[in-house]
$ cat run.cif   # mmCIF, N, CA and C atoms
data_work
#
loop_
_atom_site.group_PDB
_atom_site.id
_atom_site.type_symbol
_atom_site.label_atom_id
_atom_site.label_comp_id
_atom_site.auth_asym_id
_atom_site.auth_seq_id
_atom_site.Cartn_x
_atom_site.Cartn_y
_atom_site.Cartn_z
ATOM 1 N N MET I 1 55.364 58.941 -32.757
ATOM 2 C CA MET I 1 54.974 59.704 -31.579
ATOM 3 C C MET I 1 56.187 60.451 -31.048
ATOM 4 N N ASP I 2 55.960 61.674 -30.611
ATOM 5 C CA ASP I 2 57.060 62.383 -29.987
ATOM 6 C C ASP I 2 57.147 62.000 -28.508
ATOM 7 N N LYS I 3 58.183 62.487 -27.853
ATOM 8 C CA LYS I 3 58.456 62.079 -26.465
ATOM 9 C C LYS I 3 57.360 62.531 -25.501
ATOM 10 N N ASP I 4 56.823 63.722 -25.714
ATOM 11 C CA ASP I 4 55.795 64.227 -24.807
ATOM 12 C C ASP I 4 54.523 63.382 -24.894
ATOM 13 N N THR I 5 54.146 63.015 -26.101
ATOM 14 C CA THR I 5 52.959 62.182 -26.279
ATOM 15 C C THR I 5 53.176 60.795 -25.700
ATOM 16 N N GLN I 6 54.360 60.261 -25.840
ATOM 17 C CA GLN I 6 54.661 58.952 -25.259
ATOM 18 C C GLN I 6 54.567 58.992 -23.742
ATOM 19 N N LYS I 7 55.059 60.066 -23.122
ATOM 20 C CA LYS I 7 54.970 60.191 -21.659
ATOM 21 C C LYS I 7 53.519 60.282 -21.206
ATOM 22 N N LYS I 8 52.700 61.052 -21.948
ATOM 23 C CA LYS I 8 51.280 61.154 -21.612
ATOM 24 C C LYS I 8 50.593 59.794 -21.744
ATOM 25 N N PHE I 9 50.913 59.090 -22.802
ATOM 26 C CA PHE I 9 50.303 57.789 -23.053
ATOM 27 C C PHE I 9 50.681 56.786 -21.979
ATOM 28 N N ILE I 10 51.947 56.738 -21.613
ATOM 29 C CA ILE I 10 52.408 55.790 -20.604
ATOM 30 C C ILE I 10 51.822 56.122 -19.237
ATOM 31 N N SER I 11 51.776 57.402 -18.871
ATOM 32 C CA SER I 11 51.217 57.759 -17.564
ATOM 33 C C SER I 11 49.722 57.472 -17.503
ATOM 34 N N SER I 12 49.011 57.684 -18.609
ATOM 35 C CA SER I 12 47.578 57.379 -18.608
ATOM 36 C C SER I 12 47.350 55.873 -18.524
ATOM 37 N N LEU I 13 48.189 55.096 -19.179
ATOM 38 C CA LEU I 13 48.049 53.643 -19.067
ATOM 39 C C LEU I 13 48.306 53.161 -17.644
ATOM 40 N N MET I 14 49.263 53.758 -16.965
ATOM 41 C CA MET I 14 49.548 53.354 -15.585
ATOM 42 C C MET I 14 48.371 53.674 -14.665
ATOM 43 N N ILE I 15 47.723 54.805 -14.884
ATOM 44 C CA ILE I 15 46.550 55.159 -14.081
ATOM 45 C C ILE I 15 45.425 54.163 -14.331
ATOM 46 N N ILE I 16 45.219 53.793 -15.589
ATOM 47 C CA ILE I 16 44.162 52.846 -15.937
ATOM 48 C C ILE I 16 44.447 51.477 -15.344
ATOM 49 N N VAL I 17 45.687 51.038 -15.408
ATOM 50 C CA VAL I 17 46.051 49.737 -14.840
ATOM 51 C C VAL I 17 45.829 49.732 -13.334
ATOM 52 N N LEU I 18 46.238 50.808 -12.660
ATOM 53 C CA LEU I 18 46.053 50.892 -11.211
ATOM 54 C C LEU I 18 44.566 50.858 -10.835
ATOM 55 N N ALA I 19 43.754 51.595 -11.574
ATOM 56 C CA ALA I 19 42.321 51.612 -11.282
ATOM 57 C C ALA I 19 41.678 50.256 -11.550
ATOM 58 N N ASN I 20 42.127 49.562 -12.585
ATOM 59 C CA ASN I 20 41.569 48.241 -12.860
ATOM 60 C C ASN I 20 41.997 47.224 -11.809
ATOM 61 N N VAL I 21 43.188 47.363 -11.269
ATOM 62 C CA VAL I 21 43.621 46.475 -10.182
ATOM 63 C C VAL I 21 42.757 46.705 -8.946
ATOM 64 N N ILE I 22 42.455 47.962 -8.656
ATOM 65 C CA ILE I 22 41.591 48.271 -7.515
ATOM 66 C C ILE I 22 40.192 47.691 -7.746
ATOM 67 N N GLY I 23 39.683 47.856 -8.971
ATOM 68 C CA GLY I 23 38.368 47.298 -9.297
ATOM 69 C C GLY I 23 38.344 45.786 -9.192
ATOM 70 N N GLY I 24 39.391 45.144 -9.661
ATOM 71 C CA GLY I 24 39.490 43.688 -9.533
ATOM 72 C C GLY I 24 39.558 43.256 -8.086
ATOM 73 N N GLY I 25 40.235 44.040 -7.262
ATOM 74 C CA GLY I 25 40.293 43.737 -5.833
ATOM 75 C C GLY I 25 38.933 43.798 -5.175
ATOM 76 N N PHE I 26 38.126 44.792 -5.580
ATOM 77 C CA PHE I 26 36.769 44.868 -5.046
ATOM 78 C C PHE I 26 35.929 43.674 -5.476
ATOM 79 N N PHE I 27 36.129 43.194 -6.706
ATOM 80 C CA PHE I 27 35.406 42.005 -7.141
ATOM 81 C C PHE I 27 35.824 40.778 -6.333
ATOM 82 N N VAL I 28 37.106 40.645 -6.046
ATOM 83 C CA VAL I 28 37.565 39.519 -5.227
ATOM 84 C C VAL I 28 36.971 39.613 -3.827
ATOM 85 N N LEU I 29 36.953 40.821 -3.266
ATOM 86 C CA LEU I 29 36.334 40.998 -1.951
ATOM 87 C C LEU I 29 34.840 40.681 -1.983
ATOM 88 N N ALA I 30 34.176 41.022 -3.074
ATOM 89 C CA ALA I 30 32.743 40.745 -3.180
ATOM 90 C C ALA I 30 32.470 39.245 -3.193
ATOM 91 N N PHE I 31 33.323 38.496 -3.854
ATOM 92 C CA PHE I 31 33.126 37.050 -3.850
ATOM 93 C C PHE I 31 33.525 36.443 -2.511
ATOM 94 N N TYR I 32 34.500 37.049 -1.829
ATOM 95 C CA TYR I 32 34.922 36.526 -0.534
ATOM 96 C C TYR I 32 33.872 36.824 0.530
ATOM 97 N N PHE I 33 33.392 38.070 0.548
ATOM 98 C CA PHE I 33 32.317 38.459 1.471
ATOM 99 C C PHE I 33 31.019 38.508 0.674
ATOM 100 N N SER I 34 30.416 37.383 0.430
ATOM 101 C CA SER I 34 29.263 37.325 -0.468
ATOM 102 C C SER I 34 28.052 38.080 0.071
ATOM 103 N N LYS I 35 28.029 38.376 1.363
ATOM 104 C CA LYS I 35 26.894 39.101 1.921
ATOM 105 C C LYS I 35 26.984 40.602 1.640
ATOM 106 N N ASN I 36 28.180 41.109 1.395
ATOM 107 C CA ASN I 36 28.369 42.546 1.165
ATOM 108 C C ASN I 36 28.449 42.831 -0.333
ATOM 109 N N ILE I 37 27.328 43.171 -0.904
ATOM 110 C CA ILE I 37 27.259 43.425 -2.342
ATOM 111 C C ILE I 37 27.870 44.781 -2.688
ATOM 112 N N ILE I 38 28.086 45.645 -1.689
ATOM 113 C CA ILE I 38 28.632 46.975 -1.959
ATOM 114 C C ILE I 38 30.002 46.894 -2.628
ATOM 115 N N PHE I 39 30.807 45.878 -2.280
ATOM 116 C CA PHE I 39 32.121 45.738 -2.912
ATOM 117 C C PHE I 39 31.975 45.429 -4.401
ATOM 118 N N LEU I 40 30.967 44.642 -4.744
ATOM 119 C CA LEU I 40 30.733 44.316 -6.144
ATOM 120 C C LEU I 40 30.362 45.566 -6.933
ATOM 121 N N TYR I 41 29.485 46.400 -6.381
ATOM 122 C CA TYR I 41 29.109 47.621 -7.075
ATOM 123 C C TYR I 41 30.247 48.626 -7.130
ATOM 124 N N LEU I 42 31.073 48.701 -6.094
ATOM 125 C CA LEU I 42 32.239 49.587 -6.132
ATOM 126 C C LEU I 42 33.222 49.145 -7.208
ATOM 127 N N GLY I 43 33.458 47.858 -7.303
ATOM 128 C CA GLY I 43 34.362 47.345 -8.328
ATOM 129 C C GLY I 43 33.833 47.601 -9.722
ATOM 130 N N LEU I 44 32.550 47.375 -9.906
ATOM 131 C CA LEU I 44 31.935 47.623 -11.203
ATOM 132 C C LEU I 44 31.986 49.104 -11.558
ATOM 133 N N GLY I 45 31.758 49.958 -10.587
ATOM 134 C CA GLY I 45 31.816 51.408 -10.823
ATOM 135 C C GLY I 45 33.212 51.871 -11.210
ATOM 136 N N ILE I 46 34.217 51.327 -10.549
ATOM 137 C CA ILE I 46 35.588 51.713 -10.877
ATOM 138 C C ILE I 46 35.954 51.245 -12.271
ATOM 139 N N ILE I 47 35.531 50.055 -12.647
ATOM 140 C CA ILE I 47 35.837 49.566 -13.986
ATOM 141 C C ILE I 47 35.121 50.408 -15.050
ATOM 142 N N ILE I 48 33.900 50.816 -14.799
ATOM 143 C CA ILE I 48 33.188 51.677 -15.751
ATOM 144 C C ILE I 48 33.860 53.045 -15.848
ATOM 145 N N LEU I 49 34.288 53.590 -14.709
ATOM 146 C CA LEU I 49 34.992 54.873 -14.739
ATOM 147 C C LEU I 49 36.304 54.787 -15.505
ATOM 148 N N THR I 50 37.001 53.665 -15.384
ATOM 149 C CA THR I 50 38.251 53.534 -16.129
ATOM 150 C C THR I 50 37.992 53.400 -17.623
ATOM 151 N N LEU I 51 36.888 52.768 -18.007
ATOM 152 C CA LEU I 51 36.548 52.717 -19.425
ATOM 153 C C LEU I 51 36.268 54.114 -19.972
ATOM 154 N N ILE I 52 35.544 54.918 -19.209
ATOM 155 C CA ILE I 52 35.277 56.298 -19.618
ATOM 156 C C ILE I 52 36.578 57.084 -19.693
ATOM 157 N N ALA I 53 37.450 56.903 -18.705
ATOM 158 C CA ALA I 53 38.739 57.596 -18.706
ATOM 159 C C ALA I 53 39.596 57.166 -19.888
ATOM 160 N N MET I 54 39.544 55.882 -20.246
ATOM 161 C CA MET I 54 40.308 55.405 -21.391
ATOM 162 C C MET I 54 39.854 56.097 -22.674
ATOM 163 N N PHE I 55 38.553 56.220 -22.882
ATOM 164 C CA PHE I 55 38.058 56.875 -24.085
ATOM 165 C C PHE I 55 38.426 58.356 -24.102
ATOM 166 N N ILE I 56 38.321 59.033 -22.969
ATOM 167 C CA ILE I 56 38.685 60.451 -22.902
ATOM 168 C C ILE I 56 40.170 60.637 -23.197
ATOM 169 N N LEU I 57 41.007 59.818 -22.577
ATOM 170 C CA LEU I 57 42.440 59.934 -22.823
ATOM 171 C C LEU I 57 42.798 59.574 -24.250
ATOM 172 N N TYR I 58 42.104 58.606 -24.818
ATOM 173 C CA TYR I 58 42.358 58.245 -26.212
ATOM 174 C C TYR I 58 42.080 59.422 -27.140
ATOM 175 N N PHE I 59 40.959 60.096 -26.933
ATOM 176 C CA PHE I 59 40.614 61.208 -27.816
ATOM 177 C C PHE I 59 41.538 62.396 -27.599
ATOM 178 N N LYS I 60 41.990 62.622 -26.347
ATOM 179 C CA LYS I 60 42.937 63.713 -26.100
ATOM 180 C C LYS I 60 44.278 63.442 -26.766
ATOM 181 N N ILE I 61 44.755 62.201 -26.662
ATOM 182 C CA ILE I 61 46.022 61.868 -27.307
ATOM 183 C C ILE I 61 45.858 61.899 -28.819
ATOM 184 N N ARG I 62 44.734 61.444 -29.313
ATOM 185 C CA ARG I 62 44.491 61.435 -30.755
ATOM 186 C C ARG I 62 44.461 62.865 -31.312
ATOM 187 N N LYS I 63 43.877 63.811 -30.544
ATOM 188 C CA LYS I 63 43.844 65.204 -30.987
ATOM 189 C C LYS I 63 45.221 65.828 -30.965
ATOM 190 N N SER I 64 46.084 65.405 -30.059
ATOM 191 C CA SER I 64 47.407 66.014 -29.942
ATOM 192 C C SER I 64 48.370 65.541 -31.025
ATOM 193 N N LEU I 65 48.023 64.486 -31.749
ATOM 194 C CA LEU I 65 48.917 63.983 -32.800
ATOM 195 C C LEU I 65 48.776 64.743 -34.074
#
$ encode --input "run.cif" --output "structure tokens"
Amino acid sequence: MDKDTQKKFISSLMIIVLANVIGGGFFVLAFYFSKNIIFLYLGLGIIILTLIAMFILYFKIRKSL
């Protein structure tokens, strides 16, 4: 990998990690506030969005190689 691709890969991984931490936080809040299911759906939505983002970034990096 060249340096530019490595920078893109590392920055995309950091975004994915941050989004998954936020999603995990919503899941913890959902279990803590069991009456508010909205936190559970927000956490699930963020995790699904990060999976979609991971696939998009994977294909973009794969095309650039």
$ atom_distance --input "run.cif" --atom1 "atom N of I:Lys35" --atom2 "atom CA of I:Gly23"
17.3 Å
$ residues_around --input "run.cif" --residues "stretch 56-60 of chain I" --least-positions-apart "4" --cutoff "12 Å" --atoms "only C-alpha atoms" --output "short mmCIF file (atom, residue, chain, number, x, y, z; two decimals) with N, CA and C atoms, in the coordinates of the input"
data_model
loop_
_atom_site.label_atom_id
_atom_site.label_comp_id
_atom_site.auth_asym_id
_atom_site.auth_seq_id
_atom_site.Cartn_x
_atom_site.Cartn_y
_atom_site.Cartn_z
N THR I 5 54.15 63.02 -26.10
CA THR I 5 52.96 62.18 -26.28
C THR I 5 53.18 60.80 -25.70
N LYS I 8 52.70 61.05 -21.95
CA LYS I 8 51.28 61.15 -21.61
C LYS I 8 50.59 59.79 -21.74
N PHE I 9 50.91 59.09 -22.80
CA PHE I 9 50.30 57.79 -23.05
C PHE I 9 50.68 56.79 -21.98
N ILE I 10 51.95 56.74 -21.61
CA ILE I 10 52.41 55.79 -20.60
C ILE I 10 51.82 56.12 -19.24
N SER I 11 51.78 57.40 -18.87
CA SER I 11 51.22 57.76 -17.56
C SER I 11 49.72 57.47 -17.50
N SER I 12 49.01 57.68 -18.61
CA SER I 12 47.58 57.38 -18.61
C SER I 12 47.35 55.87 -18.52
N LEU I 13 48.19 55.10 -19.18
CA LEU I 13 48.05 53.64 -19.07
C LEU I 13 48.31 53.16 -17.64
N ILE I 15 47.72 54.80 -14.88
CA ILE I 15 46.55 55.16 -14.08
C ILE I 15 45.42 54.16 -14.33
N ILE I 16 45.22 53.79 -15.59
CA ILE I 16 44.16 52.85 -15.94
C ILE I 16 44.45 51.48 -15.34
N LEU I 49 34.29 53.59 -14.71
CA LEU I 49 34.99 54.87 -14.74
C LEU I 49 36.30 54.79 -15.50
N THR I 50 37.00 53.66 -15.38
CA THR I 50 38.25 53.53 -16.13
C THR I 50 37.99 53.40 -17.62
N LEU I 51 36.89 52.77 -18.01
CA LEU I 51 36.55 52.72 -19.42
C LEU I 51 36.27 54.11 -19.97
N ILE I 52 35.54 54.92 -19.21
CA ILE I 52 35.28 56.30 -19.62
C ILE I 52 36.58 57.08 -19.69
N SER I 64 46.08 65.40 -30.06
CA SER I 64 47.41 66.01 -29.94
C SER I 64 48.37 65.54 -31.02
N LEU I 65 48.02 64.49 -31.75
CA LEU I 65 48.92 63.98 -32.80
C LEU I 65 48.78 64.74 -34.07
#
$ atom_distance --input "run.cif" --atom1 "atom CA of I:Ala53" --atom2 "atom CA of I:Gly24"
16.7 Å
$ residues_around --input "run.cif" --residues "I:Gly25" --least-positions-apart "2" --cutoff "12 Å" --atoms "only C-alpha atoms" --output "list in words"
Leu18, Ala19, Asn20, Val21, Ile22, Gly23, Phe27, Val28, Leu29, Ala30, Phe31, Tyr32, Phe39, Leu40, Tyr41, Leu42, Gly43, Leu44, Ile46 and Ile47 of chain I
$ axis_aligned_box --input "run.cif" --around "stretch 13-21 of chain I" --padding-each-side "3 Å" --output "lines of an AutoDock Vina configuration file"
center_x = 45.6
center_y = 50.8
center_z = -14.1
size_x = 14.0
size_y = 14.7
size_z = 16.2
$ atom_distance --input "run.cif" --atom1 "atom C of I:Asp4" --atom2 "atom N of I:Met54"
17.4 Å
